>>> print(open('run25.pdb').read())   # PDB, C-alpha atoms and all ligand atoms
ATOM      1  CA  MET K   1      20.185  11.196 -26.578
ATOM      2  CA  ILE K   2      18.416   9.581 -23.610
ATOM      3  CA  PRO K   3      14.707  10.465 -23.620
ATOM      4  CA  ASN K   4      12.764  11.411 -20.530
ATOM      5  CA  ILE K   5      11.989   8.168 -18.627
ATOM      6  CA  GLU K   6       9.610   8.484 -15.695
ATOM      7  CA  ILE K   7       8.482   5.815 -13.221
ATOM      8  CA  ASP K   8       4.976   6.515 -11.952
ATOM      9  CA  SER K   9       5.237   7.488  -8.279
ATOM     10  CA  GLN K  10       1.877   5.889  -7.421
ATOM     11  CA  SER K  11       2.504   2.500  -9.057
ATOM     12  CA  GLY K  12       3.640  -0.487  -7.056
ATOM     13  CA  PHE K  13       2.548  -2.475  -4.041
ATOM     14  CA  CYS K  14      -0.698  -1.588  -2.283
ATOM     15  CA  HIS K  15      -0.912  -1.544   1.548
ATOM     16  CA  GLY K  16      -2.188  -5.133   1.647
ATOM     17  CA  VAL K  17       0.790  -6.499  -0.275
ATOM     18  CA  VAL K  18       3.329  -4.347   1.616
ATOM     19  CA  THR K  19       2.009  -5.717   4.912
ATOM     20  CA  ALA K  20       2.009  -9.346   3.709
ATOM     21  CA  ILE K  21       5.587  -9.129   2.432
ATOM     22  CA  GLY K  22       6.632  -7.351   5.640
ATOM     23  CA  LYS K  23       5.168 -10.185   7.745
ATOM     24  CA  ALA K  24       6.926 -12.791   5.592
ATOM     25  CA  GLU K  25      10.283 -11.003   5.809
ATOM     26  CA  GLU K  26       9.954 -10.595   9.572
ATOM     27  CA  GLU K  27       9.497 -14.358   9.985
ATOM     28  CA  LEU K  28      12.250 -15.138   7.469
ATOM     29  CA  ASP K  29      14.647 -12.891   9.401
ATOM     30  CA  ARG K  30      13.784 -14.845  12.534
ATOM     31  CA  SER K  31      13.761 -18.425  11.319
ATOM     32  CA  GLY K  32      15.007 -18.443   7.711
ATOM     33  CA  ALA K  33      12.067 -20.499   6.434
ATOM     34  CA  LEU K  34       8.327 -20.069   6.067
ATOM     35  CA  TYR K  35       5.530 -21.664   4.078
ATOM     36  CA  CYS K  36       3.169 -19.441   2.108
ATOM     37  CA  LEU K  37      -0.168 -20.714   0.801
ATOM     38  CA  GLY K  38      -0.161 -19.658  -2.868
ATOM     39  CA  ASP K  39       2.027 -16.984  -4.445
ATOM     40  CA  ILE K  40       2.455 -14.189  -1.902
ATOM     41  CA  VAL K  41       1.929 -11.707  -4.731
ATOM     42  CA  HIS K  42       0.998 -12.201  -8.391
ATOM     43  CA  ASN K  43       4.474 -11.406  -9.534
ATOM     44  CA  SER K  44       6.892 -14.240 -10.248
ATOM     45  CA  ASP K  45      10.028 -12.081  -9.891
ATOM     46  CA  GLU K  46       9.065 -10.985  -6.371
ATOM     47  CA  VAL K  47       8.074 -14.575  -5.501
ATOM     48  CA  GLU K  48      11.519 -15.691  -6.689
ATOM     49  CA  ARG K  49      13.268 -12.992  -4.603
ATOM     50  CA  LEU K  50      11.464 -14.211  -1.482
ATOM     51  CA  ARG K  51      12.028 -17.868  -2.382
ATOM     52  CA  ASN K  52      15.742 -17.153  -2.291
ATOM     53  CA  ARG K  53      15.270 -15.865   1.254
ATOM     54  CA  GLY K  54      13.489 -19.065   2.357
ATOM     55  CA  LEU K  55       9.808 -18.595   1.495
ATOM     56  CA  ILE K  56       8.300 -21.883   0.302
ATOM     57  CA  THR K  57       5.139 -21.511  -1.752
ATOM     58  CA  ILE K  58       2.685 -24.382  -1.333
ATOM     59  CA  THR K  59      -0.682 -25.358  -2.798
ATOM     60  CA  HIS K  60      -3.832 -26.230  -0.867
ATOM     61  CA  GLU K  61      -3.150 -29.903  -1.645
ATOM     62  CA  GLN K  62       0.317 -29.673  -0.096
ATOM     63  CA  LEU K  63      -1.110 -27.921   2.972
ATOM     64  CA  LYS K  64      -3.075 -31.082   3.797
ATOM     65  CA  ASP K  65       0.187 -32.990   4.300
ATOM     66  CA  LEU K  66       1.864 -30.419   6.566
ATOM     67  CA  LYS K  67       1.812 -30.559  10.349
ATOM     68  CA  ASN K  68       3.335 -28.464  13.170
ATOM     69  CA  VAL K  69       4.688 -25.695  10.901
ATOM     70  CA  LYS K  70       4.044 -21.987  10.307
ATOM     71  CA  VAL K  71       2.101 -20.965   7.209
ATOM     72  CA  LEU K  72       1.521 -17.443   5.981
ATOM     73  CA  LEU K  73      -1.869 -16.591   4.464
ATOM     74  CA  ARG K  74      -1.426 -13.873   1.854
ATOM     75  CA  ALA K  75      -3.417 -10.658   1.416
ATOM     76  CA  HIS K  76      -6.134 -12.314  -0.757
ATOM     77  CA  GLY K  77      -7.548 -14.191   2.224
ATOM     78  CA  GLU K  78      -8.775 -17.756   2.605
ATOM     79  CA  PRO K  79     -12.079 -19.576   3.134
ATOM     80  CA  PRO K  80     -12.966 -20.926   6.617
ATOM     81  CA  SER K  81     -11.986 -24.465   5.497
ATOM     82  CA  THR K  82      -8.299 -23.416   5.416
ATOM     83  CA  TYR K  83      -8.371 -22.239   9.045
ATOM     84  CA  LYS K  84     -10.109 -25.478  10.034
ATOM     85  CA  LEU K  85      -7.475 -27.588   8.306
ATOM     86  CA  ALA K  86      -4.684 -25.576   9.939
ATOM     87  CA  GLU K  87      -6.202 -26.178  13.350
ATOM     88  CA  GLU K  88      -6.525 -29.923  12.708
ATOM     89  CA  ASN K  89      -2.892 -30.154  11.569
ATOM     90  CA  ASN K  90      -1.518 -27.955  14.361
ATOM     91  CA  ILE K  91      -0.344 -25.397  11.822
ATOM     92  CA  GLU K  92       0.402 -21.921  13.114
ATOM     93  CA  ILE K  93      -1.163 -19.346  10.824
ATOM     94  CA  ILE K  94       0.521 -16.011  10.147
ATOM     95  CA  ASP K  95      -2.512 -14.219   8.830
ATOM     96  CA  ALA K  96      -1.663 -11.496   6.309
ATOM     97  CA  THR K  97      -5.205 -11.217   4.928
ATOM     98  CA  CYS K  98      -5.658  -7.581   3.918
ATOM     99  CA  PRO K  99      -8.054  -5.788   6.334
ATOM    100  CA  VAL K 100     -10.140  -4.649   3.329
ATOM    101  CA  VAL K 101     -10.644  -8.279   2.241
ATOM    102  CA  LEU K 102     -11.279  -9.374   5.823
ATOM    103  CA  MET K 103     -14.049  -6.790   6.123
ATOM    104  CA  LEU K 104     -15.594  -7.959   2.848
ATOM    105  CA  GLN K 105     -15.511 -11.597   4.026
ATOM    106  CA  LYS K 106     -17.318 -10.561   7.224
ATOM    107  CA  ARG K 107     -19.998  -8.648   5.316
ATOM    108  CA  ILE K 108     -20.688 -11.575   2.998
ATOM    109  CA  LYS K 109     -20.786 -14.001   5.907
ATOM    110  CA  GLN K 110     -23.251 -11.750   7.723
ATOM    111  CA  SER K 111     -25.416 -11.372   4.622
ATOM    112  CA  TYR K 112     -25.461 -15.132   4.235
ATOM    113  CA  SER K 113     -26.138 -15.989   7.864
ATOM    114  CA  ASN K 114     -28.656 -13.198   8.556
ATOM    115  CA  ASN K 115     -31.167 -14.625   6.147
ATOM    116  CA  SER K 116     -33.421 -17.544   7.027
ATOM    117  CA  THR K 117     -33.316 -20.580   4.725
ATOM    118  CA  THR K 118     -36.798 -19.855   3.352
ATOM    119  CA  SER K 119     -36.036 -16.333   2.166
ATOM    120  CA  LYS K 120     -32.305 -16.589   1.406
ATOM    121  CA  PRO K 121     -31.290 -14.090  -1.274
ATOM    122  CA  GLN K 122     -28.748 -15.137  -3.825
ATOM    123  CA  ILE K 123     -25.341 -13.803  -2.992
ATOM    124  CA  VAL K 124     -23.651 -12.788  -6.212
ATOM    125  CA  ILE K 125     -19.951 -11.958  -6.405
ATOM    126  CA  TYR K 126     -18.649 -10.009  -9.361
ATOM    127  CA  GLY K 127     -15.201 -11.568  -9.594
ATOM    128  CA  LYS K 128     -12.785 -13.826 -11.383
ATOM    129  CA  HIS K 129     -13.402 -17.577 -11.246
ATOM    130  CA  GLY K 130     -10.784 -19.430  -9.244
ATOM    131  CA  HIS K 131      -9.118 -16.263  -7.944
ATOM    132  CA  ALA K 132      -7.903 -16.810  -4.379
ATOM    133  CA  GLU K 133      -9.835 -13.827  -3.014
ATOM    134  CA  VAL K 134     -13.037 -14.999  -4.710
ATOM    135  CA  ASN K 135     -12.580 -18.541  -3.329
ATOM    136  CA  GLY K 136     -12.239 -16.994   0.122
ATOM    137  CA  LEU K 137     -15.447 -14.998  -0.373
ATOM    138  CA  VAL K 138     -17.465 -17.930  -1.726
ATOM    139  CA  GLY K 139     -16.255 -19.927   1.288
ATOM    140  CA  GLN K 140     -18.145 -17.525   3.575
ATOM    141  CA  THR K 141     -21.408 -18.818   2.049
ATOM    142  CA  ASP K 142     -20.705 -22.564   2.260
ATOM    143  CA  GLY K 143     -19.953 -22.440  -1.461
ATOM    144  CA  GLU K 144     -23.416 -21.133  -2.403
ATOM    145  CA  ALA K 145     -22.515 -17.676  -3.768
ATOM    146  CA  ILE K 146     -22.753 -17.270  -7.534
ATOM    147  CA  VAL K 147     -19.651 -15.887  -9.235
ATOM    148  CA  VAL K 148     -20.221 -13.647 -12.252
ATOM    149  CA  GLN K 149     -17.022 -12.790 -14.057
ATOM    150  CA  ASP K 150     -18.523 -10.475 -16.653
ATOM    151  CA  LEU K 151     -21.789  -9.599 -18.383
ATOM    152  CA  SER K 152     -21.721 -12.793 -20.471
ATOM    153  CA  GLU K 153     -22.415 -14.741 -17.259
ATOM    154  CA  ILE K 154     -25.342 -12.648 -16.057
ATOM    155  CA  GLU K 155     -27.828 -15.442 -16.889
ATOM    156  CA  LYS K 156     -26.404 -17.512 -14.033
ATOM    157  CA  ILE K 157     -28.455 -15.287 -11.717
ATOM    158  CA  ASP K 158     -32.042 -16.291 -10.913
ATOM    159  CA  PHE K 159     -33.884 -12.993 -11.424
ATOM    160  CA  SER K 160     -37.014 -14.248  -9.704
ATOM    161  CA  ARG K 161     -35.176 -14.291  -6.334
ATOM    162  CA  ASP K 162     -33.778 -11.518  -4.127
ATOM    163  CA  ILE K 163     -30.181 -10.619  -4.957
ATOM    164  CA  GLU K 164     -27.279  -9.225  -2.930
ATOM    165  CA  LEU K 165     -24.355  -8.213  -5.110
ATOM    166  CA  TYR K 166     -20.748  -7.795  -3.942
ATOM    167  CA  SER K 167     -17.530  -7.300  -5.861
ATOM    168  CA  GLN K 168     -14.039  -8.737  -5.675
ATOM    169  CA  THR K 169     -11.862  -5.865  -4.450
ATOM    170  CA  THR K 170      -9.824  -5.532  -7.651
ATOM    171  CA  LYS K 171     -12.600  -5.509 -10.261
ATOM    172  CA  SER K 172     -13.343  -2.365 -12.253
ATOM    173  CA  LEU K 173     -15.962   0.163 -11.151
ATOM    174  CA  GLU K 174     -17.341   0.398 -14.702
ATOM    175  CA  GLY K 175     -17.792  -3.365 -14.950
ATOM    176  CA  PHE K 176     -19.547  -3.424 -11.571
ATOM    177  CA  GLN K 177     -21.883  -0.652 -12.679
ATOM    178  CA  GLU K 178     -22.760  -2.584 -15.863
ATOM    179  CA  ILE K 179     -23.686  -5.657 -13.812
ATOM    180  CA  ILE K 180     -25.897  -3.507 -11.548
ATOM    181  CA  GLU K 181     -27.706  -1.992 -14.563
ATOM    182  CA  GLN K 182     -28.355  -5.414 -16.099
ATOM    183  CA  ILE K 183     -29.711  -6.849 -12.838
ATOM    184  CA  LYS K 184     -32.027  -3.849 -12.443
ATOM    185  CA  LEU K 185     -33.318  -4.346 -15.985
ATOM    186  CA  ARG K 186     -33.928  -8.079 -15.631
ATOM    187  CA  LYS K 187     -35.055  -8.678 -12.074
ATOM    188  CA  SER K 188     -38.699  -9.416 -11.268
ATOM    189  CA  PRO K 189     -40.464  -6.310  -9.923
ATOM    190  CA  ASP K 190     -41.369  -8.000  -6.638
ATOM    191  CA  THR K 191     -37.781  -8.954  -5.732
ATOM    192  CA  VAL K 192     -35.321  -7.004  -3.608
ATOM    193  CA  PHE K 193     -31.896  -6.122  -4.976
ATOM    194  CA  HIS K 194     -29.014  -4.662  -2.962
ATOM    195  CA  SER K 195     -25.570  -3.926  -4.363
ATOM    196  CA  TYR K 196     -22.520  -3.185  -2.236
ATOM    197  CA  ASP K 197     -19.563  -1.434  -3.824
ATOM    198  CA  THR K 198     -16.674  -3.338  -2.253
ATOM    199  CA  ILE K 199     -14.029  -2.366  -4.797
ATOM    200  CA  CYS K 200     -10.747  -1.376  -3.178
ATOM    201  CA  ARG K 201      -9.837   2.246  -3.792
ATOM    202  CA  GLN K 202      -6.137   1.322  -3.762
ATOM    203  CA  VAL K 203      -6.849   0.031  -7.263
ATOM    204  CA  ALA K 204      -9.837   2.115  -8.374
ATOM    205  CA  ASN K 205      -8.249   5.439  -7.369
ATOM    206  CA  ARG K 206      -5.238   4.650  -9.499
ATOM    207  CA  VAL K 207      -7.277   4.465 -12.689
ATOM    208  CA  ASN K 208      -7.664   8.186 -13.385
ATOM    209  CA  HIS K 209      -4.159   8.937 -12.251
ATOM    210  CA  LEU K 210      -2.755   6.194 -14.521
ATOM    211  CA  LYS K 211      -4.813   7.338 -17.497
ATOM    212  CA  ASP K 212      -3.444  10.813 -17.036
ATOM    213  CA  PHE K 213       0.088   9.393 -16.728
ATOM    214  CA  ALA K 214      -0.418   7.291 -19.893
ATOM    215  CA  MET K 215      -1.605  10.327 -21.874
ATOM    216  CA  ARG K 216       1.455  12.358 -20.875
ATOM    217  CA  HIS K 217       3.931   9.858 -22.402
ATOM    218  CA  ASP K 218       4.471   8.629 -25.940
ATOM    219  CA  LEU K 219       5.269   5.081 -24.786
ATOM    220  CA  ILE K 220       3.970   3.290 -21.701
ATOM    221  CA  LEU K 221       5.772   0.249 -20.339
ATOM    222  CA  PHE K 222       3.299  -1.451 -18.039
ATOM    223  CA  VAL K 223       5.113  -3.897 -15.755
ATOM    224  CA  SER K 224       2.942  -6.637 -14.304
ATOM    225  CA  GLY K 225       2.842 -10.390 -13.702
ATOM    226  CA  ILE K 226       0.492 -12.264 -16.021
ATOM    227  CA  LYS K 227      -1.498 -13.652 -13.062
ATOM    228  CA  SER K 228      -2.354 -10.206 -11.675
ATOM    229  CA  SER K 229      -6.061  -9.317 -11.982
ATOM    230  CA  ASN K 230      -5.625  -5.646 -11.193
ATOM    231  CA  GLY K 231      -2.622  -5.598 -13.541
ATOM    232  CA  ARG K 232      -4.920  -6.587 -16.400
ATOM    233  CA  VAL K 233      -7.493  -3.947 -15.384
ATOM    234  CA  LEU K 234      -4.928  -1.144 -15.064
ATOM    235  CA  PHE K 235      -3.056  -2.137 -18.230
ATOM    236  CA  ASN K 236      -6.315  -1.944 -20.221
ATOM    237  CA  GLN K 237      -7.040   1.491 -18.766
ATOM    238  CA  CYS K 238      -3.634   2.753 -19.947
ATOM    239  CA  LEU K 239      -4.150   1.112 -23.341
ATOM    240  CA  SER K 240      -7.554   2.809 -23.720
ATOM    241  CA  VAL K 241      -5.901   6.252 -23.748
ATOM    242  CA  ASN K 242      -2.493   5.391 -25.191
ATOM    243  CA  PRO K 243      -2.326   2.700 -27.913
ATOM    244  CA  ASP K 244       1.438   2.630 -27.450
ATOM    245  CA  THR K 245       1.128   0.795 -24.141
ATOM    246  CA  LYS K 246       3.168  -2.399 -23.810
ATOM    247  CA  LEU K 247       2.761  -5.104 -21.188
ATOM    248  CA  LEU K 248       5.876  -6.789 -19.830
ATOM    249  CA  SER K 249       6.587  -8.994 -16.796
ATOM    250  CA  ASN K 250      10.174  -7.850 -16.334
ATOM    251  CA  ALA K 251      13.136  -6.126 -17.995
ATOM    252  CA  ASP K 252      14.034  -9.240 -20.039
ATOM    253  CA  GLU K 253      10.808  -8.814 -21.999
ATOM    254  CA  LEU K 254      11.634  -5.278 -23.100
ATOM    255  CA  ASN K 255      11.608  -5.162 -26.893
ATOM    256  CA  PRO K 256      14.147  -2.552 -28.134
ATOM    257  CA  GLU K 257      11.927  -1.840 -31.155
ATOM    258  CA  TRP K 258       9.338  -0.295 -28.796
ATOM    259  CA  LEU K 259      11.870   2.403 -27.821
ATOM    260  CA  GLU K 260      12.743   3.596 -31.291
ATOM    261  CA  GLY K 261      11.908   7.268 -31.843
ATOM    262  CA  LYS K 262      10.382   7.749 -28.393
ATOM    263  CA  ASN K 263      11.079  10.935 -26.442
ATOM    264  CA  ASN K 264       8.978  10.512 -23.360
ATOM    265  CA  ILE K 265       8.653   7.074 -21.787
ATOM    266  CA  GLY K 266       6.431   6.243 -18.806
ATOM    267  CA  ILE K 267       6.917   3.131 -16.659
ATOM    268  CA  CYS K 268       4.096   2.019 -14.388
ATOM    269  CA  GLY K 269       2.607  -1.140 -12.913
ATOM    270  CA  ALA K 270       0.015  -2.946 -10.834
ATOM    271  CA  THR K 271      -0.503  -3.168  -7.075
ATOM    272  CA  SER K 272       1.539  -6.386  -7.235
ATOM    273  CA  THR K 273       4.494  -4.871  -9.106
ATOM    274  CA  PRO K 274       7.593  -4.263  -6.978
ATOM    275  CA  ARG K 275       9.323  -0.935  -7.378
ATOM    276  CA  TRP K 276      12.680  -2.630  -7.999
ATOM    277  CA  LEU K 277      11.248  -4.332 -11.091
ATOM    278  CA  MET K 278      10.147  -1.009 -12.604
ATOM    279  CA  GLU K 279      13.596   0.405 -11.840
ATOM    280  CA  ARG K 280      15.226  -2.509 -13.682
ATOM    281  CA  VAL K 281      13.057  -1.766 -16.713
ATOM    282  CA  LYS K 282      14.170   1.858 -16.553
ATOM    283  CA  ASP K 283      17.849   0.786 -16.341
ATOM    284  CA  LYS K 284      17.389  -1.487 -19.359
ATOM    285  CA  CYS K 285      15.901   1.423 -21.336
ATOM    286  CA  ILE K 286      18.860   3.646 -20.384
ATOM    287  CA  ASN K 287      21.274   0.872 -21.466
ATOM    288  CA  TYR K 288      19.572   0.744 -24.822
ATOM    289  CA  TYR K 289      20.113   4.476 -25.428
ATOM    290  CA  THR K 290      23.692   4.555 -24.131
ATOM    291  CA  LYS K 291      25.089   1.389 -25.745
TER
HETATM  292  S1  LIG K 301      -5.766  -4.203  -3.647
HETATM  293 FE1  LIG K 301      -6.794  -3.359  -1.836
HETATM  294  S2  LIG K 301      -7.925  -5.102  -0.991
HETATM  295 FE2  LIG K 301      -6.422  -5.959  -2.383
HETATM  296  S3  LIG K 301      -4.658  -6.398  -1.080
HETATM  297 FE3  LIG K 301      -4.346  -4.358  -1.921
HETATM  298  S4  LIG K 301      -5.166  -2.946  -0.360
HETATM  299 FE4  LIG K 301      -5.963  -4.998   0.071
END
>>> encode(input="run25.pdb", output="structure tokens")
Amino acid sequence: MIPNIEIDSQSGFCHGVVTAIGKAEEELDRSGALYCLGDIVHNSDEVERLRNRGLITITHEQLKDLKNVKVLLRAHGEPPSTYKLAEENNIEIIDATCPVVLMLQKRIKQSYSNNSTTSKPQIVIYGKHGHAEVNGLVGQTDGEAIVVQDLSEIEKIDFSRDIELYSQTTKSLEGFQEIIEQIKLRKSPDTVFHSYDTICRQVANRVNHLKDFAMRHDLILFVSGIKSSNGRVLFNQCLSVNPDTKLLSNADELNPEWLEGKNNIGICGATSTPRWLMERVKDKCINYYTK
């Protein structure tokens, strides 16, 4: 008998990713080829689908050698140096930076430029080292912002100076709160500390919903690319309430042993997980029960 298999209605691309892919497809329809700086989304299957349509993913190193072409900037955003390079090389930018990230970049830039050199606070970003969005944010401060990935890096902050804390949009609210508490405990009494909750609700608002979804099923198949930050966050949230939560990138990674004896299977994913990938996982499950 085929068990109940439900795909979470709220899982899948966020607005930022939908818009970026839409802009890429629009240009591909027109010209059949387009460069994209970095993976358009942290999901190799979706990247492959768009590659087959003509999207060429390039690195920052490769960008330096391009001239007179169109390049799409993905939802994560870029530092000012990328725009400068594009201008120098006569590259036309199709800017798909998510408006939420764009706003955060502006706020950090303002924070950084509003302060005189003598009383500059430290700008601290709670985020993942090397993540494209974080690189774009650090770029707003001429590379001066301090990146704190988790509590183990809290000592990188100079607690005798004023601090302004921001967050990468896809970090967890709990983690951000922990960083705030630790800064409050350690900072010198005469310093000023401001924290700005810049976590995107497209991710944060999914947490409670996903936890509820995970509790209602006896097996959770969480579909996400390994490079996805919010995928890791959301997977761990599901795992915290349902130990029978499995992470897989695509249907090929489905282990039939996971399905044995299950009556109620939930399939969900990250903001970078395409719907079609979750549907393929569902089809593979159905094949297993009907073979
Ligand atoms: S998670 Fe939020 S900030 Fe990031 S791309 Fe999606 S909508 Fe934009």
>>> resolve_selection(input="run25.pdb", expression="the PyMOL selection byres (((chain K and resi 78) around 6) and not hetatm)", output="list in words")
Gly77, Pro79 and Gly136 of chain K
>>> atom_distance(input="run25.pdb", atom1="atom CA of Ser44 of chain K", atom2="atom CA of Gly139 of chain K")
26.5 Å
>>> closest_atom_pairs(input="run25.pdb", of="chain K", to="ligand LIG 301 (chain K)", cutoff="10 Å", atoms="all atoms listed in the file", output="tab-separated table")
residue	atom	partner	partner_atom	distance
K:Phe13	CA	K:LIG301	FE3	7.5
K:Cys14	CA	K:LIG301	FE3	4.6
K:His15	CA	K:LIG301	S4	4.9
K:Gly16	CA	K:LIG301	S3	3.9
K:Val17	CA	K:LIG301	S3	5.5
K:Val18	CA	K:LIG301	FE3	8.5
K:Thr19	CA	K:LIG301	S3	9.0
K:Ala20	CA	K:LIG301	S3	8.7
K:Val41	CA	K:LIG301	S3	9.2
K:Arg74	CA	K:LIG301	S3	8.7
K:Ala75	CA	K:LIG301	S3	5.1
K:His76	CA	K:LIG301	S3	6.1
K:Gly77	CA	K:LIG301	S3	8.9
K:Ala96	CA	K:LIG301	S3	9.5
K:Thr97	CA	K:LIG301	S3	7.7
K:Cys98	CA	K:LIG301	FE4	4.6
K:Pro99	CA	K:LIG301	FE4	6.6
K:Val100	CA	K:LIG301	S2	4.9
K:Val101	CA	K:LIG301	S2	5.3
K:Leu102	CA	K:LIG301	S2	8.7
K:Met103	CA	K:LIG301	S2	9.5
K:Leu104	CA	K:LIG301	S2	9.0
K:Glu133	CA	K:LIG301	FE2	8.6
K:Gln168	CA	K:LIG301	S2	8.5
K:Thr169	CA	K:LIG301	S2	5.3
K:Thr170	CA	K:LIG301	S1	5.9
K:Lys171	CA	K:LIG301	S1	9.6
K:Thr198	CA	K:LIG301	S2	9.0
K:Ile199	CA	K:LIG301	S2	7.7
K:Cys200	CA	K:LIG301	FE1	4.6
K:Arg201	CA	K:LIG301	FE1	6.7
K:Gln202	CA	K:LIG301	FE1	5.1
K:Val203	CA	K:LIG301	S1	5.7
K:Ala204	CA	K:LIG301	S1	8.9
K:Ser229	CA	K:LIG301	S1	9.8
K:Asn230	CA	K:LIG301	S1	7.7
K:Ala270	CA	K:LIG301	S1	9.3
K:Thr271	CA	K:LIG301	S1	6.4
K:Ser272	CA	K:LIG301	FE3	8.2
>>> atom_distance(input="run25.pdb", atom1="atom CA of Asp39 of chain K", atom2="atom CA of Lys227 of chain K")
9.9 Å
>>> resolve_selection(input="run25.pdb", expression="the PyMOL selection byres (((chain K and resi 242) around 10) and not hetatm)", output="count of residues only")
20
>>> closest_residue(input="run25.pdb", among="K:Ile123, K:Ile183, K:Ser9, K:Gly143", to="Leu165 of chain K", atoms="all atoms listed in the file")
K:Ile123
>>> resolve_selection(input="run25.pdb", expression="the PyMOL selection byres (((chain K and resi 56-58) around 8) and not hetatm)", output="PyMOL selection string")
chain K and resi 33-40+51+54-55+59-60+62-63
>>> residues_near_point(input="run25.pdb", point="(14.7, -6.3, -20.6)", cutoff="10 Å", atoms="only C-alpha atoms", output="PyMOL selection string")
chain K and resi 248-256+280-285+287-288
>>> residues_near_point(input="run25.pdb", point="(-39.9, -9.8, -7.0)", cutoff="9 Å", atoms="all atoms listed in the file", output="PyMOL selection string")
chain K and resi 159-162+187-192
>>> write_last_selection(input="run25.pdb", atoms="C-alpha atoms", output="PDB file, in the coordinates of the input")
ATOM      1  CA  PHE K 159     -33.884 -12.993 -11.424  1.00  0.00           C
ATOM      2  CA  SER K 160     -37.014 -14.248  -9.704  1.00  0.00           C
ATOM      3  CA  ARG K 161     -35.176 -14.291  -6.334  1.00  0.00           C
ATOM      4  CA  ASP K 162     -33.778 -11.518  -4.127  1.00  0.00           C
ATOM      5  CA  LYS K 187     -35.055  -8.678 -12.074  1.00  0.00           C
ATOM      6  CA  SER K 188     -38.699  -9.416 -11.268  1.00  0.00           C
ATOM      7  CA  PRO K 189     -40.464  -6.310  -9.923  1.00  0.00           C
ATOM      8  CA  ASP K 190     -41.369  -8.000  -6.638  1.00  0.00           C
ATOM      9  CA  THR K 191     -37.781  -8.954  -5.732  1.00  0.00           C
ATOM     10  CA  VAL K 192     -35.321  -7.004  -3.608  1.00  0.00           C
TER      11      VAL K 192
END
>>> atom_distance(input="run25.pdb", atom1="atom CA of Ser167 of chain K", atom2="atom CA of Asp197 of chain K")
6.5 Å
>>> residues_around(input="run25.pdb", residues="Ile163 of chain K", least_positions_apart="3", cutoff="6 Å", atoms="all atoms listed in the file", output="ChimeraX atom specification")
/K:121-122,193
>>> axis_aligned_box(input="run25.pdb", around="segment 42-56 of chain K", padding_each_side="3 Å", output="lines of an AutoDock Vina configuration file")
center_x = 8.4
center_y = -16.4
center_z = -3.9
size_x = 20.7
size_y = 16.9
size_z = 18.6
>>> residues_around(input="run25.pdb", residues="Arg30 of chain K", least_positions_apart="6", cutoff="12 Å", atoms="all atoms listed in the file", output="MDAnalysis selection string")
chainID K and resid 23:24 53:54
>>> closest_residue(input="run25.pdb", among="K:Gln182, K:Thr273, K:Ser195, K:Gln105", to="Ser224 of chain K", atoms="all atoms listed in the file")
K:Thr273
>>> closest_residue(input="run25.pdb", among="K:Lys128, K:Leu247, K:Lys67, K:Leu50", to="Gly22 of chain K", atoms="all atoms listed in the file")
K:Leu50
>>> closest_residue(input="run25.pdb", among="K:Ile7, K:Val134, K:Val124, K:Leu173", to="Ile157 of chain K", atoms="all atoms listed in the file")
K:Val124
